[in-house]
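Have a look at the structure below, then the notes.
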Amino acid sequence: MTPDYTTTARHADSRRPARRTEHFVADVSETPLQVTDRVKDEAAPLSLWGEAWKNLRKQPLFLISAFLILVVVAVSVFPGMFSQIDPTSEACQLANSDAGPAAGHPLGFTQQGCDVYARVIFGTRSSVTVGLFTTIGVLLIGGILGAVAGYYGGWIDSVLARINDIFFALPLILGAIVMMQLPMFRTNKTVWTLVLILVIFGWPQIARITRGAVIEVRNADFVTAARSLGVSKFGALMRHVMPNSLAPIIVVATISLGTFIVAESTLSFLGIGLPPSVMSWGNDIQAAQASLRSNPMPLLYPAIALSITVLSFIMLGDALRDALDPKARKR
Amino acid sequence: MSASVDFQEAEYATERPLLEIKDLAIGFTTSNGEVNAVRNAHLTVMPGETVAIVGESGSGKSTTALAAIGLLPGNGRVAAGQILFDGEDISNASEKRMIELRGNSIGMVPQDPMSNLNPVWKIGDQVRETLKANGLPSGPDDVAKVLSQAGLPDAGSRAKQYPHEFSGGMRQRALIAIGLACQPRLLIADEPTSALDVTVQRQILDHLDKMTTELGTAVLLITHDLGLAAERADQVVVMYRGQVVESGPSLELLQNPQHPYTQRLVASAPSLASRRIQAAKELGVETDDMLAPSETGVVEPAKSDDVLQIQNLRKVFKLRSGLGKSTDFTAVDDISFNVKRGTTTAIVGESGSGKSTVAQMVLNLLTPTSGKIIFDGVDTSTLNSKELFAFRRRVQPIFQDPYGSLDPMYNIFRTIEEPLRTHKIGDKASREKKVRELLDQVALPQSTMQRYPNELSGGQRQRVAIARALALDPEVIICDEAVSALDVLVQAQVLNLLAELQTRLGLTYLFITHDLAVVRQIADRVCVMEKGKLVETGSTDDVFESPQQDYTRALLNAIPGAGLMLPPEMDVA
């Protein structure tokens, strides 16, 4: 199977003297022709999300964070399964004040004599509730306003963008401190008032991300194609633009879920978040700081729980970002 | 052969090749394991010679060239073979040695003039950087000299400008200036003009030719266009799926292609096909390259009238220039033409000529500033929303970018079904039947239905887009650069499909393109646009044979391979 060489003179060129160039032809059996543009039907069809899932399954970052989040969620839904001890103040015995670990009480006691482990377990729910529902609220408000601004543009966009800027300029903590002093909030502090306040100051970020994502997609050819098929403008937004803008929004929402949990703890720590009657990590950290020097453990454990939870949401967001990266999509 | 020629040949036999690639294999490490991008590649560039590597995307042509300058991406490596530059094996040379070679021995002109200049550096500084890195004098005069050699007028003041102040052609000139600044012995030009308009492309290539001849620089030209390669290079190397399938003197390769792949390429390259049609016309012969049905062979559509009438169409955009002030920009300026039912009308123009704006207005996605678009006797601007909905059924678009025109979240079935569902045609079962029929029509297997766009190639996506456009049995299809982004063979396939569908279904095409070579193959009538104005319109034959306007003539001359003497009938069995 030797290649077929034929030698011919190079085509006429007045600039340079003739130089011999051989005409090489590769063996056809070694370079077989394939059908032009054949559809590969070996692999199973994979949707965008299917492919993202396939990538995610192999990522340790995702697996670890997903496992931790599952544990945290399980703890917050069924705290009784993880601790049988009553963590409420009534059940605490001052005799145990600041005591170290004992049988059945692996993490020791607080200054009030409450079991630290049980308080950490039962405090999970309020943190997760605030984080989750704030994220949902922020996604609804920020998502809708951002999508409308980005998709319709024009004066709607200008007005919404300015409102967005105003809220963006207000620091969350400062804003929350002021809001929480309003009579209507001061007198009935619950998990839901906190969610409301965090939503009010948290939506601009999601609105910005959504607006950017929508603007990027709205000019895509497939949207124009849908419009020229007769799909209405709003229909194109719902059917084509929004589903294609979701990826970056989900990533940011996941990461901000973590930061909302931190915000809850911060506000509770400052004494303007959840009332002391509600068990939460922030309240526990605040209560424990009084005895920080003599017994740092009651502060340390809720802080660790808080860090792990927040970190797993941020890690999950990072893993999602990698898997849903639009640049990796195009090939 | 005379004695003197023999003497010269003897002299050249001992001459050392400047670049010699032997049995080169390049592997990439990816998440799916080792992928062989290039196998058994071999080519030889003699000093001062121009060699073109031709191939479609993914054929390994750019990878081979990048290996020669030691710029393979981090996950790629030379797995076997040798790259000899002036006798020295540089396939695994140290980074230090490569830095010495780059610039003053091997220069490079990258593909995309838009992204290959640093936007925050002045042009002059970018040239100076190259000169400095290679230890050459780099005063303002030296920089200006390099730039003016590359054909930039008024180089001294141009050097003080930023890339965004340059047009695409000027940026490419600046890149050529950088590539040739240190007078390298070998210049690697990776698709140097594929992002530019044809007339600019011709100017740039002419100038590059002139410069490299003067400097005696050898050029390794990478291109997807066989016509361009044959016109510009002494030797053509054809690559296919990572292997060199054929190489030889360019004209010989065109006239006598041996490998089946090269034969297909020669048969499909639009620039060559249009050249053959032209040659055939001059001799009065019919060729198979004409995709547009000739007047006699076509199935007469039911009605033979002007399905589209464009009358005095104008579109003015208001450009904001700060503080409530705005300037008018006339994108489309008073154009009129008619489109006959069942025929193909091409609107040709370079970027910024307003051709796509016309398409958008015909699709009723943009409102004209003035003028009328009359579709089947009805002025489209007077349609109410219900009539507009009905109009949408009858006029459908196919867009350029096969990656952008399908919703990545929809599988192929939903994509093609969407128009049927939107217009509430049939029930679920009948819609599925229709989708299957449509896939058959565009020659895609029915199993494609379950796939997602990201699993299909560009050509396949474009077929899906065609199937979607056909779903509502439209009368007119607007193809906005519908084949420009496709590889040559795939492009030919899609063009054939479009032509076949036209004969079968009596479709009318409005074909928006910058590529006159494609127009020659497919269109019955041509409208040439320049800067928003219609400069020439007529039947394709008339326009190609006796263009009336200078602009049209310049466009025609700029088709790569226009100067090649090709036999009208290629025997490509």
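Letters for chains follow the order of the structure tokens (A, B, ...), residue numbers begin at 1 for each chain, and ligand numbers begin at 1 in the order shown.
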Residues of chain B were defined as contacting chain A if any atom lay at most 6 Å from it, counting only C-alpha atoms; please report them as a ChimeraX atom specification. /B:245-249,389,392,404-407,419,451-452
Go ahead and write the residues just picked, C-alpha atoms, as a CSV table (one decimal), in the first residue's frame.
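Output file selection22.csv is given in full below:
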chain,number,residue,atom,x,y,z
B,245,VAL,CA,-5.1,13.3,1.9
B,246,GLU,CA,-3.5,15.0,-1.1
B,247,SER,CA,-0.9,17.6,-1.8
B,248,GLY,CA,0.7,19.0,-4.9
B,249,PRO,CA,1.0,22.0,-7.1
B,389,PHE,CA,-50.4,35.9,12.4
B,392,ARG,CA,-46.3,34.5,9.5
B,404,GLY,CA,-28.1,30.4,17.6
B,405,SER,CA,-31.2,29.7,15.6
B,406,LEU,CA,-32.4,26.7,17.6
B,407,ASP,CA,-33.5,26.9,21.3
B,419,PRO,CA,-44.9,26.3,14.6
B,451,ARG,CA,-31.9,14.9,20.2
B,452,TYR,CA,-31.0,18.4,21.4
Find the residues around Ile163 (chain A) up to 12 Å (only C-alpha atoms counted), leave out those fewer than 4 positions away in its own chain, and share them as a short mmCIF file (atom, residue, chain, number, x, y, z; two decimals) with N, CA and C atoms, in the first residue's frame.
data_model
loop_
_atom_site.label_atom_id
_atom_site.label_comp_id
_atom_site.auth_asym_id
_atom_site.auth_seq_id
_atom_site.Cartn_x
_atom_site.Cartn_y
_atom_site.Cartn_z
N GLY A 142 -37.04 39.72 42.13
CA GLY A 142 -35.91 40.10 41.29
C GLY A 142 -36.02 39.50 39.91
N LEU A 145 -38.92 41.36 37.89
CA LEU A 145 -38.55 42.73 37.52
C LEU A 145 -37.37 42.73 36.55
N GLY A 146 -36.38 41.88 36.81
CA GLY A 146 -35.22 41.84 35.94
C GLY A 146 -35.58 41.38 34.54
N ALA A 149 -37.52 44.15 32.75
CA ALA A 149 -36.62 45.24 32.37
C ALA A 149 -35.75 44.84 31.19
N ILE A 156 -39.23 51.32 30.53
CA ILE A 156 -39.48 50.37 31.64
C ILE A 156 -38.15 49.99 32.27
N ASP A 157 -37.19 49.70 31.38
CA ASP A 157 -35.87 49.31 31.84
C ASP A 157 -35.23 50.44 32.65
N SER A 158 -35.33 51.68 32.10
CA SER A 158 -34.70 52.82 32.78
C SER A 158 -35.27 52.99 34.18
N VAL A 159 -36.60 52.96 34.29
CA VAL A 159 -37.24 53.17 35.59
C VAL A 159 -36.84 52.06 36.56
N PHE A 167 -32.04 50.59 45.70
CA PHE A 167 -32.01 49.52 46.69
C PHE A 167 -30.61 48.91 46.80
N PHE A 168 -29.91 48.89 45.68
CA PHE A 168 -28.56 48.34 45.67
C PHE A 168 -27.64 49.18 46.54
N ALA A 169 -27.90 50.49 46.55
CA ALA A 169 -27.02 51.40 47.27
C ALA A 169 -27.20 51.29 48.77
N LEU A 170 -28.35 50.76 49.23
CA LEU A 170 -28.59 50.65 50.67
C LEU A 170 -27.89 49.41 51.20
N ILE A 200 -36.56 42.48 50.70
CA ILE A 200 -36.60 43.89 50.26
C ILE A 200 -35.21 44.37 49.88
N PHE A 201 -34.20 43.93 50.66
CA PHE A 201 -32.86 44.42 50.35
C PHE A 201 -32.06 43.45 49.48
N TRP A 203 -33.36 41.65 46.63
CA TRP A 203 -33.80 41.39 45.25
C TRP A 203 -32.97 42.06 44.16
N PRO A 204 -32.34 43.24 44.43
CA PRO A 204 -31.67 43.90 43.29
C PRO A 204 -30.59 43.04 42.64
N ALA A 207 -32.18 40.70 40.31
CA ALA A 207 -32.78 41.46 39.20
C ALA A 207 -31.70 41.81 38.18
N ARG A 208 -30.54 42.20 38.67
CA ARG A 208 -29.46 42.56 37.75
C ARG A 208 -29.01 41.37 36.92
#
Distance query region 281-291 of chain A at most 12 Å, only C-alpha atoms, self and fewer than 6 positions along chain excluded, as a PyMOL selection string: chain A and resi 87-89+97-98+109-128+130+261-275+297-307+309
Just want the 10 Å neighbourhood of region 360-371 of chain B, counted on only C-alpha atoms, with same-chain residues fewer than 5 positions away dropped. Output as number ranges by chain. A: 224, 227-228; B: 308-317, 330, 332-336, 355, 379-381, 383, 388, 391-392, 395-397, 476-478, 480, 510
Please write the residues from the selection above to a file, keeping C-alpha atoms, as a PDB file, in the first residue's frame.
ATOM      1  CA  THR A 224     -36.491  35.933  16.365  1.00  0.00           C
ATOM      2  CA  ARG A 227     -41.435  35.525  16.798  1.00  0.00           C
ATOM      3  CA  SER A 228     -41.588  35.074  13.054  1.00  0.00           C
TER       4      SER A 228
ATOM      5  CA  LEU B 308     -43.166  40.124  -3.141  1.00  0.00           C
ATOM      6  CA  GLN B 309     -42.989  43.719  -4.267  1.00  0.00           C
ATOM      7  CA  ILE B 310     -40.637  46.033  -2.476  1.00  0.00           C
ATOM      8  CA  GLN B 311     -41.374  49.665  -3.254  1.00  0.00           C
ATOM      9  CA  ASN B 312     -39.173  52.597  -2.259  1.00  0.00           C
ATOM     10  CA  LEU B 313     -38.266  50.936   0.996  1.00  0.00           C
ATOM     11  CA  ARG B 314     -36.380  53.069   3.502  1.00  0.00           C
ATOM     12  CA  LYS B 315     -35.243  52.443   7.038  1.00  0.00           C
ATOM     13  CA  VAL B 316     -33.687  55.161   9.147  1.00  0.00           C
ATOM     14  CA  PHE B 317     -32.240  54.326  12.541  1.00  0.00           C
ATOM     15  CA  THR B 330     -30.092  55.431   6.800  1.00  0.00           C
ATOM     16  CA  VAL B 332     -31.831  51.073   3.717  1.00  0.00           C
ATOM     17  CA  ASP B 333     -32.218  53.862   1.235  1.00  0.00           C
ATOM     18  CA  ASP B 334     -35.084  53.840  -1.236  1.00  0.00           C
ATOM     19  CA  ILE B 335     -34.852  50.375  -2.689  1.00  0.00           C
ATOM     20  CA  SER B 336     -37.393  48.693  -4.948  1.00  0.00           C
ATOM     21  CA  LYS B 355     -29.220  43.621   3.349  1.00  0.00           C
ATOM     22  CA  ASP B 379     -49.345  45.852   1.890  1.00  0.00           C
ATOM     23  CA  THR B 380     -47.822  44.146   4.952  1.00  0.00           C
ATOM     24  CA  SER B 381     -47.780  47.325   7.028  1.00  0.00           C
ATOM     25  CA  LEU B 383     -52.009  43.962   8.566  1.00  0.00           C
ATOM     26  CA  LEU B 388     -50.121  39.257  10.726  1.00  0.00           C
ATOM     27  CA  PHE B 391     -48.830  36.226   7.275  1.00  0.00           C
ATOM     28  CA  ARG B 392     -46.300  34.533   9.548  1.00  0.00           C
ATOM     29  CA  VAL B 395     -43.194  33.812   5.118  1.00  0.00           C
ATOM     30  CA  GLN B 396     -40.515  32.015   7.096  1.00  0.00           C
ATOM     31  CA  PRO B 397     -36.874  32.782   7.903  1.00  0.00           C
ATOM     32  CA  VAL B 476     -41.589  32.495   0.783  1.00  0.00           C
ATOM     33  CA  ILE B 477     -38.447  31.629   2.721  1.00  0.00           C
ATOM     34  CA  ILE B 478     -35.998  34.329   3.682  1.00  0.00           C
ATOM     35  CA  ASP B 480     -30.346  35.301   5.878  1.00  0.00           C
ATOM     36  CA  LEU B 510     -35.103  35.606  -0.823  1.00  0.00           C
TER      37      LEU B 510
END
